[in-house]
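Source file final.cif; content: mmCIF, C-alpha atoms and all ligand atoms.
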```cif
data_query
loop_
_atom_site.label_atom_id
_atom_site.label_comp_id
_atom_site.auth_asym_id
_atom_site.auth_seq_id
_atom_site.Cartn_x
_atom_site.Cartn_y
_atom_site.Cartn_z
CA MET A 1 -5.66 27.01 8.74
CA ALA A 2 -7.79 25.42 11.48
CA GLN A 3 -6.15 22.75 13.62
CA LYS A 4 -6.58 19.39 11.92
CA ALA A 5 -7.14 16.17 13.81
CA PHE A 6 -3.99 14.01 13.77
CA ALA A 7 -3.67 11.79 10.67
CA SER A 8 -6.87 9.68 10.35
CA SER A 9 -7.61 9.70 14.10
CA ALA A 10 -10.96 11.47 13.57
CA ASP A 11 -11.97 9.30 10.60
CA LEU A 12 -14.12 6.77 12.45
CA GLY A 13 -17.07 6.17 10.10
CA GLU A 14 -17.38 2.61 8.78
CA LYS A 15 -16.55 2.16 5.09
CA GLU A 16 -18.65 -0.06 2.95
CA GLN A 17 -16.78 -3.11 1.70
CA THR A 18 -17.50 -4.48 -1.77
CA LEU A 19 -16.50 -7.98 -2.82
CA GLU A 20 -15.98 -8.23 -6.56
CA VAL A 21 -15.44 -11.39 -8.59
CA LEU A 22 -13.01 -10.27 -11.28
CA ALA A 23 -12.79 -13.62 -13.05
CA ASP A 24 -13.57 -17.22 -12.13
CA GLY A 25 -11.88 -17.66 -8.74
CA VAL A 26 -10.37 -14.17 -8.56
CA TYR A 27 -11.67 -11.87 -5.84
CA ALA A 28 -11.09 -8.31 -4.68
CA LEU A 29 -12.50 -6.60 -1.62
CA THR A 30 -12.47 -2.81 -1.92
CA ALA A 31 -13.63 -0.40 0.74
CA GLU A 32 -14.12 3.21 -0.37
CA GLY A 33 -10.45 4.09 0.00
CA ASP A 34 -9.57 1.79 2.90
CA PRO A 35 -6.88 -0.83 2.12
CA ASN A 36 -7.93 -3.40 -0.49
CA VAL A 37 -7.38 -7.15 -0.25
CA GLY A 38 -7.75 -10.02 -2.69
CA ALA A 39 -7.85 -13.76 -3.13
CA ILE A 40 -7.09 -16.18 -5.96
CA GLU A 41 -8.34 -19.77 -6.13
CA GLY A 42 -5.94 -22.51 -7.01
CA GLU A 43 -7.26 -25.95 -7.93
CA ASP A 44 -7.36 -27.12 -4.32
CA PHE A 45 -6.07 -24.17 -2.33
CA LEU A 46 -6.36 -20.40 -1.96
CA VAL A 47 -3.86 -17.60 -2.27
CA CYS A 48 -4.81 -14.53 -0.26
CA PHE A 49 -3.31 -11.16 -1.10
CA GLU A 50 -2.80 -8.86 1.93
CA ALA A 51 -3.87 -9.61 5.50
CA MET A 52 -5.65 -6.50 6.85
CA ALA A 53 -4.74 -4.75 10.11
CA THR A 54 -5.95 -7.25 12.71
CA PRO A 55 -7.12 -10.88 12.86
CA VAL A 56 -10.63 -9.64 13.72
CA ALA A 57 -10.77 -7.49 10.58
CA ALA A 58 -9.30 -10.35 8.53
CA ALA A 59 -11.86 -12.83 9.88
CA GLU A 60 -14.67 -10.61 8.57
CA TRP A 61 -13.10 -10.61 5.11
CA LEU A 62 -12.60 -14.38 5.24
CA ALA A 63 -16.25 -14.87 6.23
CA ARG A 64 -17.29 -13.09 3.04
CA LEU A 65 -14.78 -15.03 0.97
CA ARG A 66 -16.15 -18.27 2.45
CA GLU A 67 -19.48 -17.57 0.76
CA HIS A 68 -17.62 -18.33 -2.49
CA THR A 69 -15.04 -20.97 -1.63
CA ASP A 70 -14.05 -23.21 1.28
CA LYS A 71 -10.56 -24.07 0.00
CA PRO A 72 -7.79 -23.75 2.59
CA VAL A 73 -5.36 -20.83 2.44
CA ARG A 74 -2.00 -22.23 1.34
CA TYR A 75 -0.31 -18.90 0.57
CA LEU A 76 -0.75 -15.52 2.16
CA VAL A 77 1.02 -12.93 0.02
CA LEU A 78 2.04 -9.62 1.60
CA SER A 79 2.74 -6.84 -0.91
CA HIS A 80 4.85 -4.93 1.65
CA TYR A 81 5.49 -4.59 5.38
CA HIS A 82 2.97 -1.93 6.47
CA ALA A 83 1.09 -2.88 9.62
CA VAL A 84 -2.44 -2.26 8.34
CA ARG A 85 -1.80 -4.84 5.61
CA VAL A 86 0.04 -7.55 7.50
CA LEU A 87 -0.95 -7.80 11.16
CA GLY A 88 -4.18 -9.73 10.49
CA ALA A 89 -2.14 -12.65 9.13
CA SER A 90 -2.85 -15.13 11.93
CA ALA A 91 -6.55 -15.31 10.91
CA PHE A 92 -5.67 -16.95 7.58
CA ASP A 93 -3.98 -20.02 9.04
CA ALA A 94 -1.82 -20.04 5.89
CA ASP A 95 0.83 -22.70 5.25
CA VAL A 96 3.18 -20.13 3.74
CA ILE A 97 3.48 -16.35 4.18
CA VAL A 98 5.20 -14.88 1.13
CA ALA A 99 6.90 -11.50 0.81
CA HIS A 100 9.91 -9.82 -0.73
CA GLU A 101 13.20 -10.37 1.12
CA ASN A 102 13.41 -6.63 1.83
CA THR A 103 9.99 -6.81 3.48
CA ARG A 104 11.21 -9.43 5.91
CA ALA A 105 14.22 -7.26 6.73
CA LEU A 106 11.96 -4.23 7.24
CA VAL A 107 9.73 -6.16 9.66
CA ALA A 108 12.85 -7.02 11.65
CA GLU A 109 14.21 -3.49 11.51
CA ARG A 110 11.07 -1.40 12.06
CA GLY A 111 8.00 -3.63 12.31
CA LYS A 112 7.32 -2.79 15.93
CA GLU A 113 7.62 0.97 15.42
CA ASP A 114 5.48 0.81 12.29
CA TRP A 115 2.77 -1.09 14.19
CA GLU A 116 2.53 1.64 16.84
CA SER A 117 2.72 4.41 14.28
CA GLU A 118 0.04 3.03 11.95
CA PHE A 119 -2.41 2.03 14.67
CA GLY A 120 -2.10 5.56 16.07
CA ARG A 121 -2.65 7.12 12.68
CA MET A 122 -5.56 4.86 11.64
CA PRO A 123 -7.38 3.65 14.77
CA ARG A 124 -10.48 2.64 12.80
CA LEU A 125 -8.53 0.01 10.83
CA ALA A 126 -7.07 -1.42 14.03
CA LYS A 127 -10.25 -3.31 14.76
CA GLN A 128 -9.84 -4.96 18.16
CA ALA A 129 -6.15 -4.11 18.19
CA ASP A 130 -5.42 -6.51 21.05
CA SER A 131 -6.27 -9.48 18.78
CA VAL A 132 -2.89 -9.07 17.03
CA PRO A 133 -0.63 -11.81 18.44
CA GLY A 134 2.63 -10.15 17.38
CA LEU A 135 4.59 -9.18 14.28
CA THR A 136 3.91 -11.07 11.06
CA TRP A 137 6.98 -12.91 9.77
CA PRO A 138 7.15 -13.99 6.12
CA THR A 139 8.16 -17.65 5.87
CA LEU A 140 9.07 -17.59 2.16
CA THR A 141 10.92 -14.66 0.58
CA PHE A 142 12.38 -13.93 -2.83
CA SER A 143 14.33 -11.16 -4.54
CA ASP A 144 13.03 -10.89 -8.09
CA ARG A 145 10.20 -13.22 -9.05
CA LEU A 146 8.27 -16.16 -7.61
CA THR A 147 5.74 -18.18 -9.60
CA ILE A 148 2.92 -20.14 -7.97
CA ASP A 149 1.33 -22.84 -10.14
CA LEU A 150 -2.40 -22.64 -9.38
CA GLY A 151 -3.01 -26.20 -10.57
CA GLY A 152 -5.50 -27.63 -13.07
CA ASP A 153 -5.85 -25.24 -16.00
CA ARG A 154 -5.79 -22.18 -13.76
CA GLY A 155 -2.38 -20.98 -14.87
CA ASP A 156 0.21 -19.21 -12.74
CA LEU A 157 0.26 -16.44 -10.21
CA VAL A 158 3.47 -14.49 -10.76
CA LEU A 159 4.80 -12.45 -7.85
CA GLN A 160 7.18 -9.80 -9.12
CA TYR A 161 9.45 -7.17 -7.61
CA CYS A 162 9.37 -4.03 -9.78
CA GLY A 163 11.96 -1.93 -7.95
CA ARG A 164 11.83 0.45 -5.00
CA GLY A 165 8.62 2.41 -4.71
CA HIS A 166 6.07 2.80 -1.94
CA THR A 167 8.61 0.93 0.22
CA GLU A 168 11.82 -0.87 -0.67
CA GLY A 169 10.08 -4.23 -0.79
CA ASP A 170 6.80 -3.92 -2.72
CA ILE A 171 5.72 -6.81 -4.90
CA VAL A 172 2.81 -7.17 -7.30
CA GLY A 173 0.71 -10.25 -8.09
CA TRP A 174 0.09 -10.94 -11.79
CA LEU A 175 -2.36 -13.39 -13.30
CA PRO A 176 -1.25 -13.70 -16.94
CA ARG A 177 -4.24 -15.83 -17.90
CA HIS A 178 -6.73 -13.18 -16.84
CA ARG A 179 -4.39 -10.19 -17.23
CA ILE A 180 -5.29 -9.08 -13.71
CA LEU A 181 -2.72 -7.24 -11.57
CA PHE A 182 -2.78 -6.88 -7.79
CA ALA A 183 -0.53 -3.83 -7.45
CA GLY A 184 -0.50 -3.23 -3.69
CA ASP A 185 0.28 0.35 -2.71
CA LEU A 186 2.41 0.93 -5.83
CA VAL A 187 -0.79 2.14 -7.52
CA GLU A 188 -3.75 3.90 -5.91
CA ALA A 189 -7.00 4.52 -7.75
CA GLN A 190 -8.43 7.82 -6.60
CA ALA A 191 -6.93 7.66 -3.15
CA ALA A 192 -4.02 9.77 -1.99
CA LEU A 193 -0.55 8.25 -1.92
CA TYR A 194 1.26 7.44 1.29
CA THR A 195 4.94 8.02 0.53
CA GLY A 196 6.40 8.29 4.03
CA ASP A 197 8.54 5.19 3.44
CA ALA A 198 8.97 5.69 -0.28
CA PHE A 199 11.69 6.16 -2.87
CA HIS A 200 9.89 8.81 -4.87
CA ARG A 201 12.20 9.09 -7.86
CA ASP A 202 12.53 5.34 -8.42
CA TRP A 203 8.78 4.89 -7.96
CA ALA A 204 7.80 7.64 -10.43
CA SER A 205 10.12 6.29 -13.12
CA GLY A 206 11.32 2.71 -13.59
CA THR A 207 9.10 1.06 -11.00
CA LEU A 208 5.83 2.39 -12.40
CA ASP A 209 7.11 1.74 -15.92
CA ARG A 210 7.52 -1.91 -14.99
CA VAL A 211 4.05 -2.02 -13.39
CA LYS A 212 2.51 -0.48 -16.51
CA ALA A 213 4.40 -2.86 -18.80
CA PHE A 214 2.30 -5.81 -17.60
CA GLY A 215 -0.47 -4.38 -19.77
CA ALA A 216 -3.13 -5.39 -17.26
CA GLU A 217 -6.79 -5.43 -18.23
CA ALA A 218 -7.82 -5.07 -14.58
CA LEU A 219 -5.87 -3.65 -11.67
CA VAL A 220 -6.51 -3.84 -7.94
CA GLY A 221 -4.55 -1.03 -6.32
CA GLY A 222 -3.81 -0.55 -2.66
CA ARG A 223 -6.81 1.66 -2.11
CA GLY A 224 -9.74 2.75 -4.23
CA ALA A 225 -11.93 1.05 -6.80
CA VAL A 226 -10.81 -1.73 -9.15
CA SER A 227 -9.61 -0.30 -12.46
CA ARG A 228 -11.17 -2.13 -15.39
CA GLY A 229 -9.93 -2.02 -18.97
CA ARG A 230 -6.59 -0.79 -20.28
CA GLU A 231 -7.67 2.83 -20.27
CA GLU A 232 -8.63 2.83 -16.59
CA VAL A 233 -5.57 0.80 -15.62
CA ASP A 234 -3.21 3.17 -17.38
CA ALA A 235 -5.05 6.14 -15.90
CA ALA A 236 -4.55 4.78 -12.38
CA VAL A 237 -0.82 4.25 -13.01
CA GLU A 238 -0.39 7.70 -14.51
CA GLN A 239 -2.42 9.37 -11.77
CA THR A 240 -0.08 7.77 -9.24
CA ARG A 241 2.91 8.98 -11.24
CA HIS A 242 1.46 12.49 -11.54
CA PHE A 243 0.96 12.76 -7.77
CA LEU A 244 4.60 11.76 -7.28
CA ARG A 245 5.91 14.07 -10.00
CA VAL A 246 4.08 17.10 -8.59
CA MET A 247 5.52 16.32 -5.17
CA ILE A 248 9.04 15.91 -6.56
CA ASP A 249 8.83 19.16 -8.54
CA GLU A 250 7.42 21.25 -5.71
CA VAL A 251 9.60 19.92 -2.91
CA SER A 252 12.73 20.06 -5.12
CA ALA A 253 12.11 23.70 -5.99
CA VAL A 254 12.02 24.71 -2.32
CA HIS A 255 14.89 22.41 -1.39
CA GLU A 256 17.16 23.73 -4.16
CA ARG A 257 16.71 27.37 -3.19
CA GLY A 258 17.50 26.60 0.45
CA GLY A 259 13.93 26.95 1.74
CA THR A 260 12.35 25.12 4.65
CA LEU A 261 10.42 21.86 4.98
CA LYS A 262 7.41 23.87 6.10
CA GLU A 263 7.52 25.94 2.90
CA ALA A 264 7.84 22.77 0.85
CA PHE A 265 4.79 21.35 2.57
CA GLY A 266 2.69 24.48 1.93
CA ARG A 267 3.69 24.63 -1.71
CA THR A 268 3.08 20.92 -2.33
CA HIS A 269 -0.27 21.02 -0.55
CA ALA A 270 -1.35 23.95 -2.73
CA ALA A 271 -0.18 22.26 -5.93
CA LEU A 272 -1.98 18.98 -5.24
CA TYR A 273 -5.08 20.23 -3.47
CA ASP A 274 -7.43 21.03 -6.36
CA GLN A 275 -6.96 17.67 -8.02
CA TYR A 276 -6.38 15.40 -5.03
CA GLY A 277 -7.47 17.22 -1.87
CA HIS A 278 -10.83 15.44 -1.72
CA TRP A 279 -9.34 11.97 -2.00
CA PRO A 280 -9.18 9.61 0.99
CA ILE A 281 -6.26 10.17 3.40
CA PHE A 282 -4.90 13.21 1.51
CA GLU A 283 -4.54 15.43 4.59
CA HIS A 284 -3.43 12.45 6.67
CA CYS A 285 -0.59 11.48 4.36
CA LEU A 286 0.86 14.71 3.07
CA PRO A 287 2.97 15.82 6.07
CA PHE A 288 4.63 12.39 6.24
CA ASP A 289 5.01 12.29 2.45
CA VAL A 290 6.70 15.66 2.14
CA SER A 291 8.90 14.96 5.14
CA ARG A 292 10.24 11.76 3.58
CA LEU A 293 10.75 13.37 0.17
CA TRP A 294 12.65 16.22 1.84
CA ASP A 295 14.94 13.64 3.44
CA GLU A 296 15.34 11.82 0.13
CA LEU A 297 16.38 15.04 -1.61
CA SER A 298 18.77 15.72 1.29
CA GLY A 299 20.61 12.49 0.52
CA ILE A 300 19.08 10.36 3.30
CA GLU A 301 19.00 7.10 1.38
CA ARG A 302 16.61 5.03 3.46
CA PRO A 303 13.42 6.32 5.13
CA VAL A 304 13.84 7.36 8.76
CA ILE A 305 11.79 5.04 10.98
CA TRP A 306 8.39 6.49 11.91
CA THR A 307 7.49 6.21 15.55
CA ALA A 308 4.33 7.34 17.29
CA GLU A 309 6.32 10.26 18.73
CA ARG A 310 7.93 11.31 15.44
CA ASP A 311 4.51 11.16 13.75
CA ARG A 312 3.19 13.77 16.18
CA GLU A 313 6.26 15.99 15.86
CA VAL A 314 6.07 16.13 12.07
CA TRP A 315 2.30 16.57 12.18
CA ASP A 316 2.52 19.46 14.64
CA GLN A 317 5.30 21.07 12.65
CA LEU A 318 3.48 20.95 9.30
CA GLN A 319 -0.24 20.40 9.59
CA ASP A 320 -1.24 23.33 11.81
ZN ZN A 401 1.59 0.79 2.50
#
```

What does this structure look like when you write it as structure tokens?
Ligand SMILES: [Zn+2]
Amino acid sequence: MAQKAFASSADLGEKEQTLEVLADGVYALTAEGDPNVGAIEGEDFLVCFEAMATPVAAAEWLARLREHTDKPVRYLVLSHYHAVRVLGASAFDADVIVAHENTRALVAERGKEDWESEFGRMPRLAKQADSVPGLTWPTLTFSDRLTIDLGGDRGDLVLQYCGRGHTEGDIVGWLPRHRILFAGDLVEAQAALYTGDAFHRDWASGTLDRVKAFGAEALVGGRGAVSRGREEVDAAVEQTRHFLRVMIDEVSAVHERGGTLKEAFGRTHAALYDQYGHWPIFEHCLPFDVSRLWDELSGIERPVIWTAERDREVWDQLQD
């Protein structure tokens, strides 16, 4: 195999961003496999979902949103702690930054390391990286469910923890009135999964079952196009589950017979490649994904913290 450029370090072409109005006052910005963001209008305020990687990147998204509404941002909801989704927070000038309690703990435990790791892996997303003023700290956390009354006859936005998955603190945003689900990185629509901080077996079973049980008519995943209609929504959930299941099967088989991490990587890559190899960030993610799953199967309960140095070590070991 030819030497591959580290993670997404050579992926520098601009992606086209598409702003979609999913229902009256419900917005999604997708970007050809780059991280998605969203916004929901309350009667006299806005809820933004995800913050992008830097304030400069976030300001560009807000400028587009401002073509539709000038309401102030009361809530900024973070689906999980990953740097490319949270470090743009200061641009929103939000009254409240909401996340799961585990997300706050993860920021404290590994936010700094994750920042360096992710900006090294995905330099294109780190638009004007020096505009980030520091770590993003949630100011309101919850453990199970938090409901935001949108005011008027707009109904509720329900923020729900569905169990451990992409991280140990992912939450989804559910609009029962419109049956629209913002799923964060728990579901990807035709983009590869990043599972380097994941709990694969929980994610592939109970957590995705709970996501699917909303019965959404539209789903905004972490990356990829908006899924519209029950069929597409269920397909996105099941595609995510399939990716995880193939990984679990392949890595387990090598692990159980006393093989090596490198063998597990080769076998998993081969098993996923035909169906998923052309999807965004597939080659970028897989070494980190297999490495974490190997640890999980070895009884390492919580993901080992990724640092810029560890990223390179695992990459050089597997992706050569
Ligand atoms: Zn993530």

8 Å shell around ligand ZN 401 (chain A) using only C-alpha atoms and all ligand atoms, listed as a PyMOL selection string: chain A and resi 80-82+84-85+166-167+184-185+194+222

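Here the question is which of A:Arg223, A:Ala218, A:Arg257, A:Ile97 gets nearest to A:Ala31 using all atoms listed in the file, and that residue is A:Arg223.
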
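Take the candidates A:Ala271, A:Val96, A:Ala23, A:Ala7 and check each one against A:Arg228 using all atoms listed in the file; the shortest distance goes to A:Ala23.
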
Could you tell me, as a ChimeraX atom specification, which residues have any atom at most 12 Å from (-9.4, 9.3, 16.2), counting all atoms listed in the file? /A:4-13,119-126,284

Selected residues written out with C-alpha atoms, as a compact mmCIF listing (two decimals), keeping the file's coordinate frame:
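Resulting contents of out18.txt:
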```
# COMPACT_ATOMS: atom_id res chain seq x y z
CA LYS A 4 -6.58 19.39 11.92
CA ALA A 5 -7.14 16.17 13.81
CA PHE A 6 -3.99 14.01 13.77
CA ALA A 7 -3.67 11.79 10.67
CA SER A 8 -6.87 9.68 10.35
CA SER A 9 -7.61 9.70 14.10
CA ALA A 10 -10.96 11.47 13.57
CA ASP A 11 -11.97 9.30 10.60
CA LEU A 12 -14.12 6.77 12.45
CA GLY A 13 -17.07 6.17 10.10
CA PHE A 119 -2.41 2.03 14.67
CA GLY A 120 -2.10 5.56 16.07
CA ARG A 121 -2.65 7.12 12.68
CA MET A 122 -5.56 4.86 11.64
CA PRO A 123 -7.38 3.65 14.77
CA ARG A 124 -10.48 2.64 12.80
CA LEU A 125 -8.53 0.01 10.83
CA ALA A 126 -7.07 -1.42 14.03
CA HIS A 284 -3.43 12.45 6.67
```

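Between A:Ile180 and the candidates A:Lys127, A:Arg230, A:Arg66, A:Arg201, the tightest atom-to-atom separation, counting all atoms listed in the file, involves A:Arg230.
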
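Using all atoms listed in the file, the smallest distance between any of A:Arg164, A:His255, A:Arg310, A:Arg179 and A:Asp295 comes from A:His255.
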
Distance atom CA of A:Leu140-atom CA of A:Ala94, one decimal place? 11.8 Å

Close residues, A:Glu16 itself excluded, 7 Å, all atoms listed in the file, min 2 positions apart in chain, as JSON, numbers by chain: {"A": [14, 18, 31, 32]}

A:Phe282, A:Tyr27, A:Tyr75, A:Trp294: which is nearest A:Phe199, counting all atoms listed in the file? A:Trp294

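Minimum atom-to-atom distances from A:Glu296, A:Gly152, A:Trp61, A:Ala83 to A:Arg110 were compared using all atoms listed in the file, and the lowest value belongs to A:Ala83.
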
Write out as number ranges by chain the residues lying within 8 Å of A:Met247, counting only C-alpha atoms and excluding same-chain residues fewer than 6 positions away. A: 268, 272, 290

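Going from atom CA of A:Ala236 over to atom CA of A:Ala189, you cover 5.2 Å.
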
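Between atom CA of A:Ala198 and atom CA of A:Gly229 lies a distance of 27.7 Å.
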
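By all atoms listed in the file, and with residues fewer than 6 positions from A:Leu106 along its chain excluded, the set lying at most 12 Å from it is His80, Tyr81, His82, Ala83, Ala99, His100, Lys112, Glu113, Asp114, Trp115, Leu135, Thr136, Trp137, Pro138, Thr167, Glu168, Gly169, Asp170, Asp197, Arg302, Pro303, Val304 and Ile305 of chain A.
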
Expected residue set, 8 Å radius at (-11.7, -1.7, -5.2), only C-alpha atoms, as a PyMOL selection string: chain A and resi 18+20+28-33+36+220-221+223-227

Which neighbours of A:Val47 fall inside 7 Å, counting all atoms listed in the file, when residues of the same chain fewer than 2 positions from it are skipped, and could you give them as a ChimeraX atom specification? /A:39-41,45,49,73-76
